[in-house]
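*Asks:* Let me give you the structure first, and then I'll get to my questions.
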Amino acid sequence: MIKKLLNPIEYFNDRKLLLFNFLIFIIGTIIAILMKGWFSSVIQLLFKSEVNIYETTTENIIVIILLTIVFFSAGKIINKKTRLIDCLNLSFYTRIPFYLISLLNFKGSLSRSMPIKLEDGSIKIPSTNALYNTSDYIISFITSCLNILVIIFLIIVIYRSFRTLSNAKKTIDYVIFIAIFLIVTILSPIILNLI
Amino acid sequence: MVQGNYPLPIFLKLSSKEQEFILQFFLTSGSLKEMASQLGISYPTVRNQLDDMIKHIKDLNI
């Protein structure tokens, strides 16, 4: 089962997976809104004291579109048979850990400890005094550990799934993919800031 | 008795797994989607296996 979870593109029917991913996208976006999360880049989830439903939903959609562009463009360069549906599935799937992490903000402590997005679009880093009690520190510690696990999980999922969807084998294939991924990761905060 | 060196047909140069794949491909009338459904794997996985086999057969021909 773990093998399947780490490479859904290899084992699951594309249409069923897309339906599942779409449902998770709706549920996950609702969770992120309720937990006051916002997506500042394709690989980042932050929290603030108040969120706008429209903003968080749009940010999530844009992140999925950007990730799909990364997977599809790199995939097409490597293998012309790469399909959009597989790239879209991988983009949706890589968002799931972010929805789970947002659940840790049920008490709102992460909203107080994380960088704040100001009205003018700039980001303010709060001081460590923003954390008020021991449970806030514990939640922050758990979040940090989970973030590391999520990064490892995402690297494995993206590596394996991308290999399947594009049939990538050579080192140059992965260099192309990483280059496009880095460019989009750098550009994504600028694009998301335009909302 | 007939003795001598004869080249093997390409099909026999393939691994048993590859031969099984060709048989499955034939039995599903060449439908990769049908094959994927029968094997319990996804379409891109079957397509990759086919692409790898095509490359292998081309290499054998050379």
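In the structure tokens, each chain is lettered A, B, ... as it comes, each chain's residues begin at 1, and ligands are numbered from 1 in order of appearance.
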DSSP on the backbone: which residues in segment 36-195 of chain A end up as helix (DSSP H, G or I)? Give the answer as a ChimeraX atom specification.
*Replies:* /A:53-78,84-93,96-107,109-113,128-130,134-166,171-193
*Asks:* Neighbours of Thr185 of chain A within 12 Å (only C-alpha atoms; same-chain residues fewer than 2 positions away dropped), as a list of chain:residue names?
*Replies:*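 Listed by chain and then number, they are A:Ser40, A:Ser41, A:Val42, A:Ile43, A:Gln44, A:Val63, A:Leu66, A:Leu67, A:Ile69, A:Val70, A:Ile178, A:Ala179, A:Ile180, A:Phe181, A:Leu182, A:Ile183, A:Leu187, A:Ser188, A:Pro189, A:Ile190, A:Ile191, A:Leu192.
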*Asks:* Work out how far atom CA of Leu32 of chain B is from atom CA of Leu60 of chain B, in Å to one decimal.
*Replies:*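 Calculated distance between atom CA of Leu60 of chain B and atom CA of Leu32 of chain B is 23.4 Å.
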*Asks:* Show me, as JSON, numbers by chain, every residue of chain A with an atom at most 12 Å from chain B, counting only C-alpha atoms.
*Replies:* {"A": [4, 7, 8, 9, 10, 11, 12, 13, 14, 15, 16, 17, 79, 80, 81, 82, 83, 84, 85, 86, 87, 160, 161, 162, 163, 164, 165, 166, 167, 168, 169]}
*Asks:* What's the 12 Å shell around Leu146 of chain A, counting only C-alpha atoms, without same-chain residues fewer than 6 positions away, as an MDAnalysis selection string?
*Replies:* chainID A and resid 97:98 100:104 139:140 152:154
*Asks:* Dump C-alpha atoms for the selected residues as a PDB file, in the first residue's frame?
*Replies:*
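File written: selection.pdb
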ATOM      1  CA  PRO A  97       0.177  16.948   2.791  1.00  0.00           C
ATOM      2  CA  PHE A  98      -0.432  20.719   2.943  1.00  0.00           C
ATOM      3  CA  LEU A 100      -3.100  17.786   6.586  1.00  0.00           C
ATOM      4  CA  ILE A 101      -0.510  20.216   7.970  1.00  0.00           C
ATOM      5  CA  SER A 102      -3.065  23.033   8.020  1.00  0.00           C
ATOM      6  CA  LEU A 103      -5.073  20.983  10.549  1.00  0.00           C
ATOM      7  CA  LEU A 104      -2.339  21.732  13.107  1.00  0.00           C
ATOM      8  CA  ILE A 139       2.534  22.493  18.109  1.00  0.00           C
ATOM      9  CA  SER A 140       5.298  24.491  16.421  1.00  0.00           C
ATOM     10  CA  ILE A 152      10.814  13.818   2.152  1.00  0.00           C
ATOM     11  CA  PHE A 153       7.399  12.401   1.177  1.00  0.00           C
ATOM     12  CA  LEU A 154       6.992  14.970  -1.618  1.00  0.00           C
TER      13      LEU A 154
END
*Asks:* In Å, how far is it from atom CA of Leu50 of chain B to atom CA of Phe21 of chain B?
*Replies:*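 If I compute the distance from atom CA of Leu50 of chain B to atom CA of Phe21 of chain B, I get 8.3 Å.
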